[in-house]
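S.K.: What follows is input.txt; its format and atoms are compact mmCIF, C-alpha atoms and all ligand atoms.
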# COMPACT_ATOMS: atom_id res chain seq x y z
CA MET A 28 103.48 70.15 110.84
CA ILE A 29 105.62 72.11 108.40
CA GLU A 30 104.02 75.51 108.13
CA TYR A 31 104.00 77.56 104.94
CA GLU A 32 104.87 80.74 106.82
CA ASN A 33 105.40 81.77 110.44
CA LEU A 34 106.31 85.41 110.89
CA GLY A 35 107.08 85.05 114.59
CA LYS A 36 109.78 82.52 113.66
CA VAL A 37 111.01 84.62 110.72
CA ASN A 38 111.51 87.60 113.01
CA GLN A 39 112.87 85.74 116.02
CA PRO A 40 116.54 86.38 115.12
CA PHE A 41 115.77 90.12 115.23
CA PHE A 42 113.72 90.26 118.46
CA GLU A 43 116.41 91.74 120.69
CA GLU A 44 117.42 94.46 118.25
CA TYR A 45 113.76 95.23 117.48
CA LYS A 46 112.90 95.60 121.15
CA LYS A 47 115.78 97.98 121.76
CA ASP A 48 114.97 100.02 118.68
CA PHE A 49 111.29 100.20 119.55
CA ALA A 50 112.13 101.37 123.08
CA ASP A 51 114.37 104.11 121.62
CA THR A 52 111.65 105.35 119.28
CA LEU A 53 109.06 105.20 122.02
CA GLU A 54 111.15 107.33 124.36
CA LYS A 55 112.25 109.76 121.69
CA GLY A 56 108.62 110.61 120.99
CA TRP A 57 108.95 111.36 117.25
CA TYR A 58 106.80 108.88 115.34
CA ILE A 59 106.23 110.19 111.79
CA LEU A 60 108.86 111.23 109.20
CA GLY A 61 111.89 111.58 111.42
CA ASP A 62 115.50 110.38 111.59
CA ARG A 63 114.68 106.68 111.33
CA VAL A 64 112.75 107.07 108.07
CA LYS A 65 115.57 109.22 106.66
CA LYS A 66 118.15 106.66 107.74
CA PHE A 67 116.28 103.74 106.22
CA GLU A 68 115.66 105.67 102.99
CA ASN A 69 119.40 106.32 102.66
CA GLU A 70 120.29 102.72 103.46
CA PHE A 71 117.77 101.22 101.05
CA ALA A 72 118.72 103.63 98.24
CA SER A 73 122.32 102.62 98.72
CA TYR A 74 121.45 98.90 98.87
CA ILE A 75 119.62 99.23 95.56
CA GLY A 76 122.27 101.56 94.15
CA ALA A 77 119.80 104.32 93.31
CA LYS A 78 119.82 108.01 94.04
CA HIS A 79 116.58 108.29 95.99
CA CYS A 80 114.32 106.20 98.18
CA ILE A 81 111.03 107.57 99.47
CA GLY A 82 109.34 105.63 102.26
CA VAL A 83 105.56 105.27 101.86
CA ALA A 84 102.74 103.45 103.61
CA SER A 85 102.52 100.31 101.45
CA GLY A 86 103.49 98.64 98.20
CA LEU A 87 100.14 99.60 96.69
CA ASP A 88 100.84 103.25 97.51
CA ALA A 89 104.36 103.01 96.08
CA LEU A 90 102.77 101.98 92.77
CA LEU A 91 99.96 104.55 92.98
CA LEU A 92 102.24 107.49 93.81
CA SER A 93 104.62 106.50 91.01
CA LEU A 94 101.72 106.59 88.54
CA LYS A 95 100.53 109.92 89.96
CA ALA A 96 104.02 111.38 89.63
CA LEU A 97 103.96 110.61 85.89
CA ASN A 98 100.87 112.82 85.66
CA PRO A 99 99.31 110.92 82.74
CA LYS A 100 96.32 112.13 80.73
CA VAL A 101 93.03 110.87 82.16
CA ASP A 102 92.35 108.17 79.60
CA SER A 103 95.90 106.80 79.53
CA GLU A 104 96.54 103.08 79.39
CA ILE A 105 99.03 101.20 81.54
CA ILE A 106 100.26 97.80 80.40
CA THR A 107 100.67 95.18 83.12
CA PRO A 108 100.76 91.36 83.38
CA SER A 109 97.50 89.39 83.53
CA ASN A 110 98.69 87.08 86.33
CA THR A 111 99.83 89.62 88.93
CA TYR A 112 98.62 90.18 92.46
CA ILE A 113 95.54 92.42 92.41
CA ALA A 114 97.38 95.36 94.05
CA THR A 115 99.28 96.08 90.84
CA ILE A 116 96.06 96.50 88.91
CA LEU A 117 94.31 98.35 91.73
CA SER A 118 97.02 101.02 91.70
CA ILE A 119 96.23 101.68 88.02
CA VAL A 120 92.50 101.79 88.69
CA GLN A 121 92.92 104.06 91.73
CA ALA A 122 95.04 106.43 89.65
CA GLY A 123 92.06 106.72 87.28
CA LEU A 124 93.87 104.92 84.46
CA LYS A 125 93.07 101.91 82.32
CA PRO A 126 94.87 98.61 82.95
CA ILE A 127 95.75 96.70 79.77
CA LEU A 128 96.68 93.13 80.58
CA VAL A 129 99.36 91.14 78.78
CA GLU A 130 99.80 87.39 79.19
CA PRO A 131 102.85 85.98 80.96
CA ASP A 132 105.41 83.52 79.66
CA ILE A 133 104.25 80.11 80.90
CA ARG A 134 107.80 79.21 81.94
CA SER A 135 108.95 82.35 83.78
CA TYR A 136 105.48 83.51 84.97
CA ASN A 137 106.57 87.04 84.10
CA ILE A 138 105.07 89.29 81.42
CA ASP A 139 105.88 87.94 77.96
CA PRO A 140 107.82 90.74 76.21
CA SER A 141 106.83 89.37 72.79
CA ARG A 142 103.14 90.00 73.56
CA ILE A 143 103.50 93.61 74.70
CA GLU A 144 103.86 95.39 71.38
CA GLU A 145 100.43 94.35 70.06
CA LYS A 146 98.82 96.02 73.10
CA ILE A 147 100.57 99.39 72.69
CA THR A 148 98.30 102.19 71.43
CA ASN A 149 98.66 105.96 71.25
CA LYS A 150 97.10 106.05 74.73
CA THR A 151 99.76 103.85 76.31
CA LYS A 152 101.67 105.85 78.89
CA ALA A 153 103.68 103.30 80.80
CA LEU A 154 104.53 99.68 81.39
CA MET A 155 103.98 98.49 84.95
CA ILE A 156 105.87 95.23 85.06
CA VAL A 157 106.00 92.79 87.98
CA HIS A 158 109.03 90.70 88.95
CA LEU A 159 106.81 87.88 90.14
CA TYR A 160 107.84 85.28 92.74
CA GLY A 161 111.28 86.95 93.10
CA ARG A 162 112.42 86.57 89.49
CA SER A 163 113.25 89.60 87.38
CA CYS A 164 111.41 90.06 84.11
CA ASP A 165 113.44 89.80 80.89
CA MET A 166 114.52 93.40 80.84
CA ASP A 167 116.39 93.76 77.53
CA PRO A 168 113.33 93.47 75.26
CA ILE A 169 111.22 95.48 77.75
CA MET A 170 113.72 98.36 77.82
CA GLU A 171 113.87 98.23 74.03
CA LEU A 172 110.08 98.67 73.81
CA CYS A 173 110.17 101.58 76.27
CA ARG A 174 112.77 103.34 74.12
CA LYS A 175 110.99 102.57 70.84
CA TYR A 176 107.59 103.84 71.99
CA ASN A 177 108.81 106.40 74.54
CA LEU A 178 107.01 104.69 77.42
CA SER A 179 107.66 105.13 81.11
CA LEU A 180 108.53 102.07 83.17
CA ILE A 181 107.34 101.28 86.68
CA GLU A 182 108.70 98.10 88.26
CA ASP A 183 106.55 96.35 90.84
CA CYS A 184 109.32 95.01 93.07
CA ALA A 185 107.06 93.85 95.90
CA GLN A 186 108.38 90.29 95.46
CA SER A 187 111.88 90.98 94.15
CA HIS A 188 114.03 92.68 96.81
CA GLY A 189 117.57 91.97 95.65
CA ALA A 190 116.68 90.02 92.49
CA LYS A 191 118.94 90.71 89.52
CA TYR A 192 118.88 90.56 85.73
CA LYS A 193 122.29 90.38 84.05
CA GLY A 194 123.85 91.59 87.28
CA ARG A 195 121.57 94.63 87.58
CA ILE A 196 119.24 94.83 90.56
CA SER A 197 115.48 95.06 90.06
CA GLY A 198 114.02 98.49 90.73
CA THR A 199 116.75 100.34 88.82
CA PHE A 200 115.56 99.76 85.25
CA GLY A 201 112.54 102.02 85.20
CA GLU A 202 111.76 105.56 86.32
CA PHE A 203 110.39 103.95 89.48
CA GLY A 204 110.96 100.82 91.52
CA ALA A 205 107.96 100.25 93.81
CA PHE A 206 108.63 98.10 96.88
CA SER A 207 106.36 96.58 99.52
CA PHE A 208 107.62 95.69 102.98
CA TYR A 209 104.47 93.79 103.92
CA PRO A 210 105.53 91.34 106.67
CA THR A 211 105.76 88.26 104.41
CA LYS A 212 107.98 89.87 101.75
CA ASN A 213 111.70 89.05 101.60
CA LEU A 214 112.30 92.38 103.35
CA GLY A 215 109.27 92.56 105.62
CA ALA A 216 108.32 95.03 108.35
CA LEU A 217 106.02 94.32 111.31
CA GLY A 218 103.14 96.10 109.65
CA ASP A 219 102.41 97.85 106.38
CA ALA A 220 105.24 99.73 104.70
CA GLY A 221 106.59 100.47 101.23
CA ALA A 222 109.04 102.60 99.27
CA VAL A 223 109.65 104.12 95.86
CA ILE A 224 113.13 104.04 94.34
CA THR A 225 114.03 106.59 91.68
CA ASN A 226 117.11 108.20 90.15
CA SER A 227 115.17 111.32 89.17
CA ASP A 228 115.48 114.40 91.40
CA GLU A 229 112.21 115.68 90.02
CA PHE A 230 110.21 112.50 90.69
CA ASN A 231 111.84 112.27 94.10
CA SER A 232 110.54 115.66 95.13
CA ILE A 233 107.08 115.03 93.64
CA ILE A 234 106.68 111.73 95.49
CA ARG A 235 107.94 113.25 98.75
CA ARG A 236 105.16 115.79 98.47
CA LEU A 237 102.53 113.31 97.32
CA ARG A 238 103.08 111.06 100.35
CA ASN A 239 102.68 113.98 102.76
CA TYR A 240 99.50 115.86 101.75
CA GLY A 241 101.32 117.53 98.87
CA SER A 242 103.50 119.55 101.17
CA ASP A 243 107.25 120.15 101.64
CA ILE A 244 106.85 122.72 104.37
CA LYS A 245 104.28 122.02 107.05
CA TYR A 246 100.89 123.62 106.29
CA TYR A 247 102.00 124.80 102.81
CA ASN A 248 100.37 122.48 100.26
CA GLU A 249 101.70 122.64 96.70
CA ILE A 250 99.73 119.77 95.20
CA ALA A 251 96.75 117.65 96.23
CA GLY A 252 98.57 114.79 97.91
CA TYR A 253 97.89 111.75 100.05
CA ASN A 254 98.67 110.56 103.51
CA SER A 255 101.06 107.73 102.73
CA ARG A 256 104.01 107.88 105.08
CA LEU A 257 106.36 105.20 106.33
CA ASP A 258 106.39 105.47 110.11
CA GLU A 259 109.43 105.67 112.37
CA ILE A 260 108.80 102.38 114.13
CA GLN A 261 108.62 100.37 110.89
CA ALA A 262 111.60 102.24 109.43
CA GLY A 263 113.67 101.26 112.48
CA PHE A 264 112.71 97.60 112.09
CA LEU A 265 113.46 97.75 108.36
CA SER A 266 116.96 99.18 108.93
CA ILE A 267 117.70 96.24 111.21
CA LYS A 268 116.34 93.65 108.79
CA LEU A 269 117.94 95.21 105.70
CA LYS A 270 121.36 94.25 107.06
CA LYS A 271 120.23 90.62 106.75
CA LEU A 272 118.42 90.83 103.41
CA ASP A 273 121.26 89.22 101.47
CA GLU A 274 121.39 86.46 104.04
CA ILE A 275 117.62 85.96 103.82
CA ASN A 276 117.84 85.75 100.02
CA ALA A 277 120.83 83.39 100.21
CA HIS A 278 118.89 81.12 102.55
CA LYS A 279 115.90 81.02 100.22
CA ARG A 280 118.19 80.33 97.26
CA LYS A 281 119.81 77.48 99.14
CA LEU A 282 116.41 75.92 99.89
CA ALA A 283 115.34 76.43 96.26
CA ASN A 284 118.43 74.58 95.13
CA ILE A 285 117.43 71.56 97.17
CA TYR A 286 114.03 71.57 95.48
CA PHE A 287 115.69 71.86 92.08
CA HIS A 288 118.02 68.93 92.69
CA GLU A 289 115.78 66.51 94.52
CA LEU A 290 112.23 67.09 93.38
CA LYS A 291 111.14 64.59 90.73
CA ASN A 292 110.32 65.88 87.30
CA ASP A 293 106.59 65.12 87.44
CA PHE A 294 106.31 68.61 88.85
CA ILE A 295 106.96 71.63 86.67
CA LYS A 296 109.64 73.63 88.47
CA PRO A 297 110.54 77.28 87.93
CA ILE A 298 113.18 78.01 85.30
CA GLN A 299 116.73 79.03 86.14
CA ASP A 300 119.39 80.63 83.96
CA ASP A 301 122.59 82.61 84.23
CA ASP A 302 120.95 85.95 83.36
CA HIS A 303 118.73 85.83 86.44
CA PHE A 304 119.52 85.99 90.14
CA ASP A 305 116.21 84.86 91.65
CA VAL A 306 115.27 85.46 95.28
CA TYR A 307 112.28 83.10 95.59
CA HIS A 308 109.73 85.20 97.39
CA VAL A 309 107.64 82.22 96.23
CA PHE A 310 108.89 78.82 95.10
CA ASN A 311 106.10 77.40 92.99
CA ILE A 312 105.64 74.16 91.18
CA ARG A 313 102.87 73.33 88.75
CA HIS A 314 100.86 70.12 88.48
CA GLU A 315 97.63 69.20 86.74
CA GLN A 316 96.19 67.80 89.95
CA ARG A 317 97.16 70.79 92.02
CA ASP A 318 94.19 70.69 94.41
CA LYS A 319 94.65 66.99 95.06
CA LEU A 320 98.35 67.55 95.60
CA LYS A 321 97.69 70.36 98.08
CA GLU A 322 95.30 68.15 100.02
CA TYR A 323 97.75 65.23 99.98
CA LEU A 324 100.50 67.45 101.38
CA LEU A 325 98.23 68.76 104.11
CA LYS A 326 97.33 65.19 105.11
CA ASN A 327 101.07 64.66 105.42
CA GLU A 328 101.42 67.71 107.66
CA ILE A 329 102.78 70.10 105.05
CA LYS A 330 101.10 73.43 104.43
CA THR A 331 101.31 75.14 101.07
CA ASP A 332 99.80 78.22 99.48
CA ILE A 333 98.51 79.27 96.05
CA HIS A 334 99.70 82.44 94.33
CA TYR A 335 97.04 83.04 93.18
CA PRO A 336 93.80 81.04 93.13
CA ILE A 337 91.81 83.49 90.97
CA PRO A 338 93.28 85.49 88.07
CA PRO A 339 92.60 89.25 88.14
CA HIS A 340 90.29 89.19 85.09
CA LYS A 341 88.00 86.76 86.96
CA GLN A 342 87.86 88.79 90.17
CA LYS A 343 84.45 90.25 90.93
CA ALA A 344 86.06 93.62 91.70
CA MET A 345 87.38 93.80 88.13
CA SER A 346 84.08 93.32 86.33
CA GLY A 347 83.52 96.35 84.16
CA ILE A 348 87.19 97.30 84.52
CA ILE A 349 88.85 94.37 82.77
CA THR A 350 86.56 93.61 79.86
CA ASP A 351 88.88 91.33 77.91
CA ASN A 352 88.44 87.73 79.01
CA ASN A 353 90.92 85.86 76.91
CA PHE A 354 93.85 84.99 79.18
CA PRO A 355 94.31 81.23 78.84
CA ILE A 356 97.97 81.23 79.99
CA SER A 357 97.08 83.10 83.15
CA GLU A 358 94.21 80.74 83.80
CA GLU A 359 96.42 77.71 83.30
CA ILE A 360 98.93 79.06 85.84
CA HIS A 361 96.25 79.90 88.36
CA GLU A 362 94.77 76.41 88.04
CA THR A 363 98.02 74.48 88.36
CA THR A 364 100.38 76.49 90.58
CA LEU A 365 101.30 75.53 94.14
CA SER A 366 103.70 77.42 96.41
CA LEU A 367 105.99 75.28 98.56
CA PRO A 368 107.49 76.20 101.96
CA ILE A 369 110.58 78.40 101.47
CA SER A 370 110.62 80.84 104.36
CA TYR A 371 113.65 82.21 106.25
CA PHE A 372 112.82 79.98 109.23
CA HIS A 373 112.64 76.73 107.26
CA THR A 374 115.59 74.38 107.61
CA GLU A 375 117.15 72.14 104.97
CA LYS A 376 115.64 69.27 106.91
CA ASP A 377 112.16 70.77 106.47
CA ILE A 378 112.68 70.95 102.72
CA HIS A 379 113.96 67.38 102.53
CA LYS A 380 110.80 66.29 104.33
CA VAL A 381 108.60 68.21 101.88
CA ILE A 382 110.46 66.68 98.95
CA SER A 383 110.24 63.12 100.22
CA VAL A 384 106.47 63.48 100.66
CA LEU A 385 106.10 65.16 97.26
CA ASN A 386 108.14 62.53 95.47
CA ARG A 387 105.75 59.85 96.72
CA PHE A 388 102.72 61.57 95.14
C1 LIG A 401 102.48 92.50 98.07
C2 LIG A 401 102.33 93.00 96.69
C3 LIG A 401 101.85 94.30 96.41
C4 LIG A 401 101.24 95.18 97.44
O1 LIG A 401 102.01 95.48 98.54
P1 LIG A 401 101.27 95.99 99.87
O2 LIG A 401 102.41 96.47 100.71
O3 LIG A 401 100.51 94.85 100.44
O4 LIG A 401 100.36 97.12 99.48
C5 LIG A 401 101.87 94.72 95.10
N1 LIG A 401 102.29 93.93 94.10
C6 LIG A 401 102.73 92.69 94.32
C7 LIG A 401 103.20 91.87 93.16
C8 LIG A 401 102.74 92.16 95.62
O5 LIG A 401 103.16 90.91 95.81
Output the structure of this file as structure tokens.
M.R.:
Amino acid sequence: MIEYENLGKVNQPFFEEYKKDFADTLEKGWYILGDRVKKFENEFASYIGAKHCIGVASGLDALLLSLKALNPKVDSEIITPSNTYIATILSIVQAGLKPILVEPDIRSYNIDPSRIEEKITNKTKALMIVHLYGRSCDMDPIMELCRKYNLSLIEDCAQSHGAKYKGRISGTFGEFGAFSFYPTKNLGALGDAGAVITNSDEFNSIIRRLRNYGSDIKYYNEIAGYNSRLDEIQAGFLSIKLKKLDEINAHKRKLANIYFHELKNDFIKPIQDDDHFDVYHVFNIRHEQRDKLKEYLLKNEIKTDIHYPIPPHKQKAMSGIITDNNFPISEEIHETTLSLPISYFHTEKDIHKVISVLNRF
């Protein structure tokens, strides 16, 4: 059986270092906001090439605290893609703001910049874009719109650690880059974790307070904050794994290349071009008989996944929140997409096996 994901196998190369680091933290006895969090924040900021990194409890919180830091008026609108993972939209809802969905480009699966302008109103406060599947959005037209309409930009980088657009790394285009270190992400912890990247000193200090009950000095609360802290144990693991992030991405890119070269053209593959350095958090193909294809692969001992089976506007949780129902591109993607094995533990041989089975479909 070729699994879709196996986190034990993904983390196996790090076991010895993790065990030693965990033992150190355990003995030291300082578990929340200590040296390890500070160290990881510095390392990740420098990896991204940004001034500040603030460790938080999850990717969802990284998005939520970024929105809170912007301090938008209560009825503000936030523009976001219609085919994202629900967490992106939930952060907007939890911040008390209104999500306005924009259809993706059917080839890149990222928000279609040419469809954004028609959704901008005088209530629009920010764009919350998502670099889906590990591919950066087309940033030139997006940055142009932000300048033209004076909009803030939050990048959901939960799937794009290390992805680049025209040589520039994702998370550095907007006021905020929001990262998740959920265990399956390209940079994954052994539990929930996240971070906000920003170049602004002011936003840095606001988010540091927001994550810690609104306080800089213990028991002095300046603003009504949250409990959303990255813990020392996860930060230690993340420092260890960060050293291998480029290697993890390179491995996924190598496997993607095999798919690109050997998979027959009956399947719609992702697009590639020189402006984008893609890190393949997900490698998806599309096919009209997706469900049949998934079943066929499973019969041949190959597990796959679907990102995602139900589009946000059709989720029960979004009834009454997303009232617009006209997202045919999103629906088409959700009905036809299939995610193929492309994890750090997969070998080239695994991928060749997947391809030979696929090519016989
Ligand atoms: C994983 C993910 C999130 C949420 O991250 P968590 O750490 O699970 O809260 C947000 N947006 C996208 C696009 C994701 O893939």
S.K.: Would you list the residues that come within 6 Å of ligand LIG 401 (chain A)? Count only C-alpha atoms and all ligand atoms and give the answer as a list of chain:residue names.
M.R.: A:Ser85, A:Gly86, A:Leu87, A:Thr111, A:Tyr112, A:Ala114, A:Thr115, A:Val157, A:Asp183, A:Ala185, A:Gln186, A:Ser207, A:Phe208, A:Tyr209, A:Asp219, A:Ala220, A:Gly221
S.K.: I need the residue nearest Arg195 in chain A from this list: A:Glu362, A:Asp305, A:Glu30, A:Glu328. Use only C-alpha atoms for the distance.
M.R.: A:Asp305
S.K.: Skip range 290-298 of chain A itself and residues of its chain fewer than 3 positions away, then list as a list in words all residues within 6 Å of it, counting all atoms listed in the file.
M.R.: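 Residues meeting the cut-off are Tyr286, Ile312, Arg313, His314, Ile382 and Asn386 of chain A.
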S.K.: Show me the residues around (101.0, 74.7, 98.5) - criterion: an atom at most 10 Å away, only C-alpha atoms counted - as a list in words.
M.R.: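 Residues with an atom close enough to that point: Tyr31, Phe310, Asn311, Ile312, Arg317, Asp318, Leu320, Lys321, Glu322, Leu324, Leu325, Ile329, Lys330, Thr331, Asp332, Ile333, His334, Thr364, Leu365, Ser366, Leu367 and Pro368 of chain A.
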S.K.: Nearest to Asp243 in chain A among A:Ile356, A:Ala153, A:Leu60, A:Ala89, with distances taken over all atoms listed in the file: which residue is it?
M.R.: A:Leu60
S.K.: Could you check which of A:Pro108, A:Gly189, A:Gly241, A:Gly201 is closest to Pro131 in chain A, using all atoms listed in the file?
M.R.: A:Pro108
S.K.: Can you tell me which residues surround Ile119 in chain A at a distance of at most 10 Å, considering all atoms listed in the file, apart from same-chain residues fewer than 2 positions away, and format the answer as a ChimeraX atom specification?
M.R.: /A:87,90-91,94-95,103-107,114-117,121-127,155
S.K.: Got a sec: who's within 12 Å of Glu249 in chain A, counting all atoms listed in the file, leaving out chain neighbours fewer than 5 positions off, as a list in words?
M.R.: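 So the residues in contact are Ser232, Ile233, Arg235, Arg236, Leu237, Asn239, Tyr240, Gly241, Ser242, Asp243 and Ile244 of chain A.
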S.K.: Just the selected residues (C-alpha atoms), exported as a CSV table (one decimal), in the frame of the given file, please.
M.R.:
chain,number,residue,atom,x,y,z
A,232,SER,CA,110.5,115.7,95.1
A,233,ILE,CA,107.1,115.0,93.6
A,235,ARG,CA,107.9,113.2,98.8
A,236,ARG,CA,105.2,115.8,98.5
A,237,LEU,CA,102.5,113.3,97.3
A,239,ASN,CA,102.7,114.0,102.8
A,240,TYR,CA,99.5,115.9,101.8
A,241,GLY,CA,101.3,117.5,98.9
A,242,SER,CA,103.5,119.6,101.2
A,243,ASP,CA,107.2,120.2,101.6
A,244,ILE,CA,106.8,122.7,104.4
S.K.: Would you mind reading off the distance between CA of Lys193 in chain A and CA of Met170 in chain A, one decimal, in Å?
M.R.: 13.3 Å
S.K.: Which residue out of A:Val64, A:Leu214, A:Leu53, A:Ile113 has the minimum interatomic distance to Tyr335 in chain A when only C-alpha atoms are used?
M.R.: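 Among the listed residues, A:Ile113 lies closest to Tyr335 in chain A.
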S.K.: So what do you get for CA of Lys341 in chain A versus CA of Thr211 in chain A, distance-wise?
M.R.: 24.9 Å
S.K.: Using only C-alpha atoms, what table do you get, as a tab-separated table, when you list each residue of range 282-340 of chain A with an atom no more than 6 Å from range 159-162 of chain A, its nearest pair of atoms, and their distance in Å rounded to one decimal, rows by chain then rising number?
M.R.:
residue	atom	partner	partner_atom	distance
A:Asp305	CA	A:Arg162	CA	4.7
A:Val306	CA	A:Gly161	CA	4.8
A:Tyr307	CA	A:Gly161	CA	4.7
A:His308	CA	A:Gly161	CA	4.9
A:Val309	CA	A:Tyr160	CA	4.6
S.K.: When you draw a straight line from CA of Val129 in chain A to CA of Gln316 in chain A, how long is it in Å?
M.R.: 26.1 Å
